[in-house]
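Undergrad: Dropping in my_file20.csv, which is CSV, C-alpha atoms and all ligand atoms:
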```csv
chain,number,residue,atom,x,y,z
A,87,MET,CA,9.0,-23.8,22.0
A,88,ILE,CA,8.3,-23.0,18.3
A,89,PRO,CA,9.8,-19.5,18.0
A,90,ALA,CA,7.8,-16.7,16.5
A,91,VAL,CA,10.9,-15.6,14.6
A,92,ASP,CA,13.8,-17.8,13.5
A,93,VAL,CA,16.5,-16.2,11.4
A,94,ARG,CA,18.9,-18.5,9.5
A,95,LEU,CA,21.7,-17.3,7.4
A,96,GLY,CA,23.9,-19.7,5.4
A,97,ALA,CA,27.0,-20.4,3.5
A,98,ALA,CA,26.4,-17.7,0.8
A,99,GLU,CA,26.2,-14.9,3.5
A,100,GLU,CA,29.3,-16.3,5.3
A,101,ALA,CA,31.3,-16.4,2.1
A,102,LEU,CA,30.4,-12.8,1.1
A,103,VAL,CA,31.0,-11.4,4.6
A,104,LEU,CA,34.4,-13.1,4.7
A,105,GLU,CA,35.2,-11.6,1.3
A,106,VAL,CA,34.4,-8.1,2.6
A,107,LEU,CA,36.5,-8.7,5.8
A,108,ARG,CA,39.5,-9.8,3.8
A,109,SER,CA,39.1,-6.9,1.4
A,110,GLY,CA,39.7,-4.4,4.2
A,111,GLN,CA,37.0,-2.2,2.7
A,112,LEU,CA,34.2,-2.3,5.3
A,113,ALA,CA,32.4,1.0,4.7
A,114,GLN,CA,29.9,1.7,1.8
A,115,GLY,CA,31.5,0.3,-1.3
A,116,PRO,CA,31.0,-2.3,-4.0
A,117,LYS,CA,28.8,-4.7,-2.0
A,118,VAL,CA,26.4,-1.8,-1.2
A,119,ALA,CA,26.3,-1.0,-4.9
A,120,ALA,CA,25.6,-4.7,-5.8
A,121,LEU,CA,22.9,-4.8,-3.1
A,122,GLU,CA,21.3,-1.7,-4.6
A,123,GLU,CA,21.3,-3.0,-8.1
A,124,ALA,CA,19.9,-6.4,-7.1
A,125,PHE,CA,17.2,-4.8,-4.9
A,126,ALA,CA,16.1,-2.4,-7.6
A,127,ALA,CA,15.9,-5.3,-10.1
A,128,ALA,CA,13.9,-7.4,-7.7
A,129,HIS,CA,11.4,-4.6,-7.3
A,130,GLY,CA,11.2,-3.5,-10.9
A,131,VAL,CA,12.4,0.1,-10.1
A,132,ALA,CA,15.1,2.2,-11.6
A,133,HIS,CA,16.8,3.1,-8.3
A,134,ALA,CA,17.4,1.6,-4.9
A,135,ILE,CA,19.5,3.6,-2.4
A,136,ALA,CA,20.8,1.8,0.7
A,137,VAL,CA,20.7,3.6,4.1
A,138,SER,CA,21.3,2.7,7.7
A,139,ASN,CA,17.8,1.4,8.6
A,140,GLY,CA,14.2,1.5,7.6
A,141,THR,CA,13.2,4.5,9.7
A,142,VAL,CA,15.9,6.5,8.0
A,143,ALA,CA,14.6,5.3,4.7
A,144,LEU,CA,11.2,6.8,5.5
A,145,VAL,CA,12.8,10.1,6.7
A,146,ALA,CA,15.0,10.2,3.6
A,147,ALA,CA,12.0,9.6,1.3
A,148,LEU,CA,10.0,12.4,3.0
A,149,ARG,CA,12.9,14.8,3.0
A,150,ALA,CA,13.8,14.1,-0.7
A,151,LEU,CA,10.2,15.1,-1.5
A,152,GLY,CA,10.6,18.3,0.4
A,153,ILE,CA,7.9,17.4,3.0
A,154,GLY,CA,8.2,19.2,6.3
A,155,ARG,CA,6.6,21.8,8.6
A,156,GLY,CA,3.1,22.8,7.6
A,157,ASP,CA,2.6,19.6,5.5
A,158,GLU,CA,0.1,16.9,6.4
A,159,VAL,CA,0.9,13.2,5.7
A,160,ILE,CA,-2.0,10.8,5.7
A,161,THR,CA,-1.2,7.4,7.1
A,162,THR,CA,-2.5,4.5,9.1
A,163,PRO,CA,-2.6,4.5,13.0
A,164,PHE,CA,-2.2,0.7,13.0
A,165,GLY,CA,1.4,-0.4,12.6
A,166,PHE,CA,4.9,0.2,14.0
A,167,ASN,CA,5.7,3.6,15.4
A,168,ALA,CA,8.6,4.2,13.0
A,169,THR,CA,6.1,5.4,10.5
A,170,LEU,CA,4.7,8.1,12.8
A,171,ASN,CA,8.2,9.0,14.2
A,172,ALA,CA,9.5,9.5,10.6
A,173,ILE,CA,6.7,11.9,9.8
A,174,LEU,CA,7.4,13.9,13.0
A,175,GLU,CA,11.1,13.8,12.4
A,176,VAL,CA,10.7,15.9,9.2
A,177,GLY,CA,8.4,18.3,11.0
A,178,ALA,CA,5.2,17.2,9.2
A,179,THR,CA,1.8,16.5,10.7
A,180,PRO,CA,0.5,13.0,10.7
A,181,VAL,CA,-3.2,12.5,9.9
A,182,PHE,CA,-4.6,9.0,10.7
A,183,ALA,CA,-7.0,7.2,8.3
A,184,ASP,CA,-8.8,4.1,9.4
A,185,VAL,CA,-7.9,0.7,8.0
A,186,ALA,CA,-9.9,-1.8,5.9
A,187,ASP,CA,-10.6,-5.4,7.1
A,188,ASP,CA,-7.3,-6.5,5.5
A,189,TYR,CA,-5.5,-4.3,8.1
A,190,THR,CA,-4.0,-1.9,5.5
A,191,VAL,CA,-5.1,1.8,5.3
A,192,ALA,CA,-8.5,2.3,3.6
A,193,PRO,CA,-8.3,4.5,0.5
A,194,ASP,CA,-11.7,6.0,1.0
A,195,ALA,CA,-10.8,6.9,4.6
A,196,MET,CA,-7.7,8.6,3.2
A,197,ALA,CA,-9.8,10.4,0.6
A,198,ALA,CA,-12.0,11.9,3.3
A,199,LEU,CA,-9.0,13.5,5.0
A,200,VAL,CA,-7.4,15.2,2.0
A,201,GLY,CA,-7.2,18.9,2.5
A,202,SER,CA,-5.2,21.9,1.4
A,203,ARG,CA,-2.2,21.0,3.5
A,204,THR,CA,-2.0,17.4,2.5
A,205,ALA,CA,1.3,16.7,0.9
A,206,ALA,CA,1.6,12.9,0.8
A,207,LEU,CA,-0.1,9.6,1.3
A,208,LEU,CA,1.9,7.1,3.4
A,209,PRO,CA,0.4,3.6,3.3
A,210,VAL,CA,2.0,0.8,5.2
A,211,HIS,CA,2.1,-2.7,3.7
A,212,LEU,CA,1.3,-4.3,7.0
A,213,TYR,CA,2.3,-7.9,7.7
A,214,GLY,CA,3.6,-8.1,4.1
A,215,LEU,CA,0.3,-7.3,2.4
A,216,PRO,CA,0.3,-4.4,-0.1
A,217,ALA,CA,-2.2,-1.7,0.7
A,218,ASP,CA,-4.8,-1.0,-2.0
A,219,MET,CA,-2.3,0.8,-4.2
A,220,ALA,CA,-4.5,1.1,-7.3
A,221,ALA,CA,-7.0,3.2,-5.3
A,222,ILE,CA,-4.2,5.1,-3.5
A,223,GLU,CA,-2.4,5.9,-6.7
A,224,ALA,CA,-5.7,7.2,-8.2
A,225,LEU,CA,-6.3,9.4,-5.1
A,226,ALA,CA,-2.8,10.8,-5.2
A,227,GLY,CA,-3.2,11.5,-8.9
A,228,ARG,CA,-6.5,13.4,-8.5
A,229,HIS,CA,-5.0,15.7,-5.8
A,230,GLY,CA,-1.3,15.9,-7.0
A,231,LEU,CA,0.0,14.2,-3.8
A,232,ALA,CA,3.2,12.3,-3.3
A,233,ILE,CA,3.2,8.6,-2.3
A,234,VAL,CA,5.6,7.1,0.2
A,235,GLU,CA,5.2,3.4,0.7
A,236,ASP,CA,6.3,1.9,4.0
A,237,ALA,CA,7.4,-1.4,2.6
A,238,ALA,CA,9.5,-2.3,5.7
A,239,GLN,CA,7.6,-5.6,6.0
A,240,ALA,CA,6.9,-6.3,2.4
A,241,HIS,CA,10.0,-7.0,0.3
A,242,GLY,CA,8.9,-8.5,-3.0
A,243,ALA,CA,5.1,-8.1,-2.3
A,244,ALA,CA,3.1,-7.1,-5.4
A,245,HIS,CA,-0.2,-5.6,-6.6
A,246,GLY,CA,-1.6,-5.6,-10.1
A,247,GLY,CA,1.6,-7.4,-11.3
A,248,ARG,CA,3.9,-4.7,-10.0
A,249,ARG,CA,6.1,-4.9,-6.9
A,250,VAL,CA,5.8,-2.6,-3.9
A,251,GLY,CA,8.1,0.4,-3.8
A,252,SER,CA,7.3,1.5,-7.4
A,253,SER,CA,4.4,3.9,-6.7
A,254,GLY,CA,6.5,6.9,-5.8
A,255,MET,CA,9.0,6.4,-3.1
A,256,GLY,CA,9.4,3.1,-1.2
A,257,ALA,CA,11.0,2.6,2.1
A,258,PHE,CA,12.3,-0.9,3.1
A,259,SER,CA,13.9,-2.2,6.3
A,260,LEU,CA,16.6,-4.9,6.7
A,261,TYR,CA,16.2,-5.1,10.5
A,262,GLY,CA,17.0,-8.4,12.2
A,263,THR,CA,13.4,-9.8,12.1
A,264,LYS,CA,12.3,-8.7,8.6
A,265,ASN,CA,11.8,-11.2,5.7
A,266,ILE,CA,15.4,-10.4,4.6
A,267,THR,CA,17.9,-8.8,7.0
A,268,SER,CA,21.3,-7.5,7.6
A,269,GLY,CA,20.7,-6.8,11.3
A,270,GLU,CA,20.2,-3.2,10.6
A,271,GLY,CA,19.7,-1.6,7.2
A,272,GLY,CA,17.2,0.0,4.8
A,273,LEU,CA,16.6,1.0,1.2
A,274,VAL,CA,14.7,3.7,-0.6
A,275,THR,CA,13.3,2.9,-4.0
A,276,THR,CA,12.1,5.2,-6.7
A,277,ASP,CA,11.8,5.4,-10.5
A,278,ASP,CA,12.6,9.2,-10.3
A,279,GLY,CA,16.2,9.9,-11.0
A,280,GLY,CA,16.1,13.4,-9.4
A,281,LEU,CA,14.6,12.0,-6.1
A,282,ALA,CA,17.2,9.2,-6.1
A,283,GLU,CA,20.0,11.7,-6.4
A,284,ARG,CA,18.6,13.7,-3.5
A,285,VAL,CA,18.5,10.5,-1.3
A,286,ARG,CA,22.1,9.8,-2.2
A,287,LEU,CA,23.0,13.3,-1.1
A,288,LEU,CA,21.0,13.1,2.1
A,289,ARG,CA,22.7,9.8,3.1
A,290,ASN,CA,26.2,11.2,2.7
A,291,GLN,CA,26.6,14.6,4.3
A,292,GLY,CA,25.0,16.3,1.2
A,293,MET,CA,28.2,15.7,-0.8
A,294,ARG,CA,27.8,15.7,-4.6
A,295,ALA,CA,31.5,14.9,-5.0
A,296,ARG,CA,34.3,14.9,-2.5
A,297,TYR,CA,34.0,18.0,-0.3
A,298,ASP,CA,31.4,19.5,-2.6
A,299,TYR,CA,28.5,20.0,-0.3
A,300,VAL,CA,25.1,21.0,-1.8
A,301,LEU,CA,22.8,20.5,1.1
A,302,PRO,CA,23.2,20.1,4.9
A,303,ALA,CA,22.7,16.4,5.8
A,304,VAL,CA,24.2,13.7,8.0
A,305,ASN,CA,25.5,10.2,7.6
A,306,TRP,CA,23.0,7.5,6.8
A,307,ARG,CA,25.3,5.1,5.0
A,308,LEU,CA,25.1,1.3,5.1
A,309,THR,CA,28.4,-0.8,5.4
A,310,ASP,CA,29.6,-3.4,2.9
A,311,LEU,CA,29.6,-5.9,5.7
A,312,GLN,CA,25.8,-5.4,6.1
A,313,ALA,CA,25.3,-5.5,2.3
A,314,ALA,CA,27.2,-8.8,2.2
A,315,VAL,CA,24.7,-10.3,4.6
A,316,ALA,CA,21.6,-9.0,2.7
A,317,LEU,CA,22.7,-9.6,-0.9
A,318,PRO,CA,22.4,-13.4,-1.0
A,319,GLN,CA,18.9,-13.0,0.6
A,320,VAL,CA,17.8,-10.6,-2.1
A,321,ARG,CA,18.9,-13.2,-4.7
A,322,ARG,CA,16.8,-15.8,-2.7
A,323,LEU,CA,13.9,-13.4,-2.1
A,324,ASP,CA,11.3,-15.2,-4.2
A,325,ARG,CA,12.1,-18.6,-2.6
A,326,ILE,CA,12.0,-17.1,0.9
A,327,ASN,CA,8.6,-15.5,0.2
A,328,ALA,CA,7.3,-18.7,-1.4
A,329,ALA,CA,8.2,-20.7,1.7
A,330,ARG,CA,6.3,-18.2,3.9
A,331,ALA,CA,3.3,-18.3,1.5
A,332,ALA,CA,3.2,-22.1,1.6
A,333,ASN,CA,3.2,-22.0,5.5
A,334,ALA,CA,0.4,-19.4,5.5
A,335,ASP,CA,-1.7,-21.5,3.0
A,336,ARG,CA,-1.2,-24.5,5.3
A,337,LEU,CA,-2.3,-22.6,8.4
A,338,THR,CA,-5.3,-21.2,6.6
A,339,LYS,CA,-6.3,-24.7,5.4
A,340,ASP,CA,-5.9,-26.2,8.9
A,341,LEU,CA,-7.7,-23.3,10.7
A,342,SER,CA,-10.5,-22.5,8.2
A,343,ASP,CA,-13.2,-24.4,10.2
A,344,VAL,CA,-12.3,-23.1,13.6
A,345,ALA,CA,-14.9,-20.8,15.2
A,346,GLY,CA,-13.9,-17.8,17.3
A,347,LEU,CA,-11.2,-16.4,15.1
A,348,VAL,CA,-10.8,-14.4,11.9
A,349,LEU,CA,-8.1,-15.6,9.4
A,350,PRO,CA,-6.1,-13.2,7.3
A,351,TYR,CA,-7.0,-12.9,3.6
A,352,THR,CA,-5.4,-11.6,0.5
A,353,PRO,CA,-7.6,-9.3,-1.7
A,354,ALA,CA,-7.6,-10.2,-5.4
A,355,GLY,CA,-4.7,-8.9,-7.4
A,356,ARG,CA,-2.3,-8.6,-4.5
A,357,THR,CA,0.6,-10.8,-3.5
A,358,HIS,CA,1.1,-11.1,0.3
A,359,VAL,CA,4.7,-12.0,1.5
A,360,TRP,CA,3.6,-13.0,5.0
A,361,HIS,CA,5.9,-11.1,7.2
A,362,GLN,CA,3.3,-12.0,9.8
A,363,TYR,CA,0.4,-14.5,9.8
A,364,THR,CA,-2.0,-12.5,11.8
A,365,ILE,CA,-5.4,-13.8,13.1
A,366,ARG,CA,-8.0,-12.1,15.2
A,367,VAL,CA,-9.3,-13.8,18.3
A,368,THR,CA,-13.0,-13.0,18.6
A,369,GLY,CA,-14.2,-16.1,20.5
A,370,MET,CA,-12.4,-15.5,23.8
A,371,GLU,CA,-10.2,-13.1,25.7
A,372,ARG,CA,-6.9,-12.5,23.8
A,373,ASP,CA,-4.7,-12.7,26.9
A,374,GLU,CA,-6.1,-16.1,27.8
A,375,PHE,CA,-5.7,-17.3,24.2
A,376,CYS,CA,-2.1,-16.2,24.2
A,377,ALA,CA,-1.4,-17.8,27.6
A,378,ARG,CA,-2.7,-21.1,26.2
A,379,LEU,CA,-0.5,-20.8,23.1
A,380,THR,CA,2.5,-20.2,25.4
A,381,ALA,CA,1.6,-23.2,27.5
A,382,ALA,CA,1.4,-25.3,24.3
A,383,GLY,CA,4.9,-24.1,23.3
A,384,VAL,CA,3.8,-22.0,20.4
A,385,GLY,CA,5.5,-18.6,20.1
A,386,HIS,CA,3.5,-15.6,18.9
A,387,GLY,CA,3.4,-11.9,18.9
A,388,ILE,CA,0.9,-9.0,19.2
A,389,TYR,CA,1.5,-6.5,16.3
A,390,TYR,CA,0.4,-4.0,17.5
A,391,PRO,CA,-1.2,-3.8,21.0
A,392,LYS,CA,-2.1,0.0,20.7
A,393,LEU,CA,-2.6,2.5,17.9
A,394,MET,CA,0.5,4.6,17.1
A,395,HIS,CA,-0.8,7.7,18.8
A,396,ASP,CA,-2.0,6.0,22.0
A,397,TYR,CA,1.1,7.1,23.9
A,398,GLU,CA,1.5,10.2,26.0
A,399,CYS,CA,4.6,11.4,24.2
A,400,TYR,CA,2.5,12.3,21.1
A,401,ASP,CA,0.0,15.1,20.7
A,402,SER,CA,-1.0,14.6,17.1
A,403,PRO,CA,-4.5,15.5,15.8
A,404,VAL,CA,-6.4,12.3,16.1
A,405,VAL,CA,-9.2,11.1,13.9
A,406,ASP,CA,-11.5,8.3,15.2
A,407,THR,CA,-10.5,5.0,13.6
A,408,PRO,CA,-12.9,2.3,14.9
A,409,ASN,CA,-11.6,-0.6,12.8
A,410,ALA,CA,-8.0,0.0,13.8
A,411,ARG,CA,-9.0,0.3,17.4
A,412,LYS,CA,-11.0,-2.9,17.3
A,413,TYR,CA,-8.2,-4.9,15.5
A,414,ALA,CA,-5.5,-3.7,17.9
A,415,ALA,CA,-7.4,-5.4,20.7
A,416,GLN,CA,-7.8,-8.7,18.8
A,417,VAL,CA,-4.8,-9.5,16.7
A,418,VAL,CA,-2.3,-12.3,17.4
A,419,SER,CA,0.5,-13.3,15.0
A,420,LEU,CA,1.4,-16.9,14.7
A,421,PRO,CA,4.8,-18.3,13.5
A,422,VAL,CA,5.0,-18.4,9.6
A,423,HIS,CA,8.8,-18.2,9.0
A,424,PRO,CA,10.5,-20.5,6.5
A,425,SER,CA,12.2,-22.8,9.0
A,426,LEU,CA,8.9,-24.2,10.3
A,427,SER,CA,8.6,-28.0,9.7
A,428,GLU,CA,5.3,-29.8,8.8
A,429,ALA,CA,5.2,-31.0,12.4
A,430,ASP,CA,5.6,-27.4,13.7
A,431,LEU,CA,2.7,-26.3,11.5
A,432,ASP,CA,0.6,-29.2,12.8
A,433,ARG,CA,1.4,-28.2,16.4
A,434,ILE,CA,0.6,-24.6,15.8
A,435,ALA,CA,-2.8,-25.4,14.3
A,436,GLU,CA,-3.6,-27.9,17.0
A,437,ALA,CA,-2.6,-25.4,19.7
A,438,VAL,CA,-4.9,-22.7,18.3
A,439,ARG,CA,-7.8,-25.2,18.0
A,440,ALA,CA,-7.3,-26.4,21.5
A,441,ALA,CA,-7.0,-22.9,23.0
A,442,LEU,CA,-10.4,-22.0,21.5
A,443,ASP,CA,-12.1,-25.2,22.3
A,444,ALA,CA,-11.2,-25.3,26.0
B,1,LIG,C1,10.6,-2.3,10.9
B,1,LIG,C2,9.7,-1.3,10.4
B,1,LIG,C3,10.1,0.0,10.2
B,1,LIG,C4,11.4,0.6,10.6
B,1,LIG,O1,12.5,-0.1,10.1
B,1,LIG,P1,13.9,-0.1,11.0
B,1,LIG,O2,14.9,-0.8,10.1
B,1,LIG,O3,13.6,-0.9,12.2
B,1,LIG,O4,14.2,1.3,11.3
B,1,LIG,C5,9.2,0.9,9.7
B,1,LIG,N1,7.9,0.6,9.4
B,1,LIG,C6,7.5,-0.7,9.6
B,1,LIG,C7,6.1,-1.0,9.2
B,1,LIG,C8,8.3,-1.6,10.2
B,1,LIG,O5,7.9,-2.9,10.4
```
Show me this structure written as structure tokens.

TA:
Amino acid sequence: MIPAVDVRLGAAEEALVLEVLRSGQLAQGPKVAALEEAFAAAHGVAHAIAVSNGTVALVAALRALGIGRGDEVITTPFGFNATLNAILEVGATPVFADVADDYTVAPDAMAALVGSRTAALLPVHLYGLPADMAAIEALAGRHGLAIVEDAAQAHGAAHGGRRVGSSGMGAFSLYGTKNITSGEGGLVTTDDGGLAERVRLLRNQGMRARYDYVLPAVNWRLTDLQAAVALPQVRRLDRINAARAANADRLTKDLSDVAGLVLPYTPAGRTHVWHQYTIRVTGMERDEFCARLTAAGVGHGIYYPKLMHDYECYDSPVVDTPNARKYAAQVVSLPVHPSLSEADLDRIAEAVRAALDA
């Protein structure tokens, strides 16, 4: 079976973890500081603040901006539910805008939903593709709105020559399956020193200095052990993303003449980091297509089978989003991770072709 996800860590991670173990200093310390510095530099931002996970990074960004009850946050309904859960966690109201045919939230759909209670725009850089940030920045500028980027799947992705996480507040995840990982972990990025300071307070009991509490908060710290796993990957980030991009190019070349599917594309001016290589199956029933991939030994995933609010536990005001609804019924993600061999890529393309031919 060619796995959909294959995480491989190496000698650099082992050496750094061993160094932390032997130091006896496992909690947030010098390795977290080094990770923050490297991550900020890799994204061209002044500040990166490490937290326990990507969901908490979103919550921290929203709280640092003072977003809460009575505020509306415009986001996409098509993605991982951490985005919705973070908005609800701070007491704000999610408003769902439809997506464009690149699967990221459509700026014109967002614009149509801006109202007097709108406080922030929260695009998700889905599958590793930056949303249309030029248009989203312009919209935010016109209405004085904050921007929180969900960049959990998009470390190192770029638009207009800038990396994601630099438009306002960025939230990244280091979960076990992301392009770079520490098992669990997250980072908040921003160029704003005041917001960065608030996130640092929020992650550490609201303490400005030892036992000097300036706001009520809890513990969202990352450990030096986790930072030691992530730091070498941040240093290799461009190589990791280049390997994914080469695999994506290869799949696109091999599948471009196949009828009955829609391949992913990268709009001009944006750099995709291929957290997922996601096709849409239009020529046959998706379940049958997936069963054939499984039979051919090709791992795959469906991200995401439903819209975020399609579950009984939510009662959010819902806007009709026909593109997102259609795509959720058609998407299938193929393996694109850096450990794929040429032979694996051949087999994936062959399995897709055979599934649709049969
Ligand atoms: C993974 C993910 C998150 C949440 O990150 P965790 O580290 O798992 O909490 C948020 N948004 C998106 C789009 C994700 O893929």

Undergrad: Name the residues in contact with Phe125 in chain A at a cut-off of 9 Å, using all atoms listed in the file, excluding same-chain residues fewer than 6 positions from it; report them as a PyMOL selection string.

TA: chain A and resi 131+133-134+273+275+317+320-321

Undergrad: Looking at all atoms listed in the file, which of A:Val418, A:Val142, A:Val384, A:Ala440 is the one that sits closest to ligand LIG 1 (chain B)?

TA: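 Of A:Val418, A:Val142, A:Val384, A:Ala440, the one nearest ligand LIG 1 (chain B) is A:Val142, counting all atoms listed in the file.
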
Undergrad: Find the distance between CA of Ala410 in chain A and CA of Tyr389 in chain A and write it in Å to one decimal.

TA: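 Calculated distance between CA of Ala410 in chain A and CA of Tyr389 in chain A is 11.8 Å.
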
Undergrad: Can I get the residues close to ligand LIG 1 (chain B) as a PyMOL selection string, where close means within 10 Å and we count all atoms listed in the file?

TA: chain A and resi 137-144+164-172+209-214+235-240+257-264+267-273+361+389

Undergrad: Would you list the residues near (-9.5, 6.9, 11.0) (no more than 6 Å away, in the coordinates of the file, using all atoms listed in the file) as a tab-separated table (two decimals) with C-alpha atoms, in the coordinates of the input?

TA:
```tsv
chain	number	residue	atom	x	y	z
A	182	PHE	CA	-4.60	9.00	10.70
A	183	ALA	CA	-7.00	7.20	8.30
A	184	ASP	CA	-8.80	4.10	9.40
A	405	VAL	CA	-9.20	11.10	13.90
A	406	ASP	CA	-11.50	8.30	15.20
A	407	THR	CA	-10.50	5.00	13.60
```

Undergrad: To one decimal in Å, tell me the separation between CA of Gln362 in chain A and CA of Gly246 in chain A.

TA: 21.5 Å

Undergrad: With only C-alpha atoms as the basis for distance, which of A:Val118, A:Met394, A:Leu379, A:Cys399 is at the shortest distance from Arg411 in chain A?

TA: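 Selected residue with least distance to Arg411 in chain A: A:Met394.
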
Undergrad: Can you work out which one of A:Gln416, A:Leu174, A:His386, A:Thr338 has the shortest atom-to-atom distance to Tyr400 in chain A, counting all atoms listed in the file?

TA: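 Closest to Tyr400 in chain A of all the choices is A:Leu174.
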
Undergrad: Near Met293 in chain A, counting all atoms listed in the file, which residues have an atom at most 12 Å away, once you skip same-chain residues fewer than 3 positions from it, shown as a PDB file with C-alpha atoms, in the frame of the given file?

TA:
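File out32.pdb, as written:
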```
ATOM      1  CA  GLU A 283      20.000  11.700  -6.400  1.00  0.00           C
ATOM      2  CA  ARG A 284      18.600  13.700  -3.500  1.00  0.00           C
ATOM      3  CA  VAL A 285      18.500  10.500  -1.300  1.00  0.00           C
ATOM      4  CA  ARG A 286      22.100   9.800  -2.200  1.00  0.00           C
ATOM      5  CA  LEU A 287      23.000  13.300  -1.100  1.00  0.00           C
ATOM      6  CA  LEU A 288      21.000  13.100   2.100  1.00  0.00           C
ATOM      7  CA  ARG A 289      22.700   9.800   3.100  1.00  0.00           C
ATOM      8  CA  ASN A 290      26.200  11.200   2.700  1.00  0.00           C
ATOM      9  CA  ARG A 296      34.300  14.900  -2.500  1.00  0.00           C
ATOM     10  CA  TYR A 297      34.000  18.000  -0.300  1.00  0.00           C
ATOM     11  CA  ASP A 298      31.400  19.500  -2.600  1.00  0.00           C
ATOM     12  CA  TYR A 299      28.500  20.000  -0.300  1.00  0.00           C
ATOM     13  CA  VAL A 300      25.100  21.000  -1.800  1.00  0.00           C
ATOM     14  CA  LEU A 301      22.800  20.500   1.100  1.00  0.00           C
ATOM     15  CA  PRO A 302      23.200  20.100   4.900  1.00  0.00           C
ATOM     16  CA  ALA A 303      22.700  16.400   5.800  1.00  0.00           C
ATOM     17  CA  VAL A 304      24.200  13.700   8.000  1.00  0.00           C
ATOM     18  CA  ASN A 305      25.500  10.200   7.600  1.00  0.00           C
TER      19      ASN A 305
END
```

Undergrad: With all atoms listed in the file as the atoms that count, which of A:Ile388, A:Arg307, A:Val181, A:Ala101 lies nearest to Gly292 in chain A?

TA: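 Of A:Ile388, A:Arg307, A:Val181, A:Ala101, the one nearest Gly292 in chain A, counting all atoms listed in the file, is A:Arg307.
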
Undergrad: Quick one: residues within 12 Å of Leu199 in chain A, only C-alpha atoms, excluding same-chain residues fewer than 5 positions away - as a PyMOL selection string?

TA: chain A and resi 158-162+180-184+192-194+204-207+225+229+403-406

Undergrad: Using all atoms listed in the file, which of A:Leu442, A:Val234, A:Val185, A:Leu347 sits nearest Ala150 in chain A?

TA: A:Val234

Undergrad: Using only C-alpha atoms for the distances, tell me which of A:Ala334, A:Pro318, A:Ile266, A:Asp187 is nearest to Arg366 in chain A.

TA: A:Asp187

Undergrad: Work out how far apart CA of Arg330 in chain A and CA of Asn265 in chain A are and give it in Å to one decimal.

TA: 9.1 Å

Undergrad: Quick one: residues within 12 Å of Gly96 in chain A, all atoms listed in the file counted, chain neighbours fewer than 6 positions away excluded, as number ranges by chain?

TA: A: 102-103, 314-319, 322

Undergrad: Tell me which protein, DNA and RNA residues are within 8 Å of range 348-360 of chain A, counting only C-alpha atoms, leaving out same-chain ones fewer than 2 positions away, and put them as a PyMOL selection string.

TA: chain A and resi 188+213-216+240-247+327-328+330-331+334+338+341-342+346+362-368+422

Undergrad: Selection from above, C-alpha atoms, as an mmCIF file, in the coordinates of the input, can you write it?

TA:
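File selection.cif, as written:
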```
data_model
loop_
_atom_site.group_PDB
_atom_site.id
_atom_site.type_symbol
_atom_site.label_atom_id
_atom_site.label_comp_id
_atom_site.auth_asym_id
_atom_site.auth_seq_id
_atom_site.Cartn_x
_atom_site.Cartn_y
_atom_site.Cartn_z
ATOM 1 C CA ASP A 188 -7.300 -6.500 5.500
ATOM 2 C CA TYR A 213 2.300 -7.900 7.700
ATOM 3 C CA GLY A 214 3.600 -8.100 4.100
ATOM 4 C CA LEU A 215 0.300 -7.300 2.400
ATOM 5 C CA PRO A 216 0.300 -4.400 -0.100
ATOM 6 C CA ALA A 240 6.900 -6.300 2.400
ATOM 7 C CA HIS A 241 10.000 -7.000 0.300
ATOM 8 C CA GLY A 242 8.900 -8.500 -3.000
ATOM 9 C CA ALA A 243 5.100 -8.100 -2.300
ATOM 10 C CA ALA A 244 3.100 -7.100 -5.400
ATOM 11 C CA HIS A 245 -0.200 -5.600 -6.600
ATOM 12 C CA GLY A 246 -1.600 -5.600 -10.100
ATOM 13 C CA GLY A 247 1.600 -7.400 -11.300
ATOM 14 C CA ASN A 327 8.600 -15.500 0.200
ATOM 15 C CA ALA A 328 7.300 -18.700 -1.400
ATOM 16 C CA ARG A 330 6.300 -18.200 3.900
ATOM 17 C CA ALA A 331 3.300 -18.300 1.500
ATOM 18 C CA ALA A 334 0.400 -19.400 5.500
ATOM 19 C CA THR A 338 -5.300 -21.200 6.600
ATOM 20 C CA LEU A 341 -7.700 -23.300 10.700
ATOM 21 C CA SER A 342 -10.500 -22.500 8.200
ATOM 22 C CA GLY A 346 -13.900 -17.800 17.300
ATOM 23 C CA GLN A 362 3.300 -12.000 9.800
ATOM 24 C CA TYR A 363 0.400 -14.500 9.800
ATOM 25 C CA THR A 364 -2.000 -12.500 11.800
ATOM 26 C CA ILE A 365 -5.400 -13.800 13.100
ATOM 27 C CA ARG A 366 -8.000 -12.100 15.200
ATOM 28 C CA VAL A 367 -9.300 -13.800 18.300
ATOM 29 C CA THR A 368 -13.000 -13.000 18.600
ATOM 30 C CA VAL A 422 5.000 -18.400 9.600
#
```

Undergrad: Kindly extract all protein, DNA and RNA residues lying within 9 Å of the coordinates (-11.6, -24.3, 21.8) given in the file, considering all atoms listed in the file, and supply them as a PyMOL selection string.

TA: chain A and resi 344-346+369+438-444

Undergrad: Just the selected residues (C-alpha atoms), exported as a PDB file, keeping the file's coordinate frame, please.

TA:
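Writing the result to part-v8.pdb gives the following:
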```pdb
ATOM      1  CA  VAL A 344     -12.300 -23.100  13.600  1.00  0.00           C
ATOM      2  CA  ALA A 345     -14.900 -20.800  15.200  1.00  0.00           C
ATOM      3  CA  GLY A 346     -13.900 -17.800  17.300  1.00  0.00           C
ATOM      4  CA  GLY A 369     -14.200 -16.100  20.500  1.00  0.00           C
ATOM      5  CA  VAL A 438      -4.900 -22.700  18.300  1.00  0.00           C
ATOM      6  CA  ARG A 439      -7.800 -25.200  18.000  1.00  0.00           C
ATOM      7  CA  ALA A 440      -7.300 -26.400  21.500  1.00  0.00           C
ATOM      8  CA  ALA A 441      -7.000 -22.900  23.000  1.00  0.00           C
ATOM      9  CA  LEU A 442     -10.400 -22.000  21.500  1.00  0.00           C
ATOM     10  CA  ASP A 443     -12.100 -25.200  22.300  1.00  0.00           C
ATOM     11  CA  ALA A 444     -11.200 -25.300  26.000  1.00  0.00           C
TER      12      ALA A 444
END
```
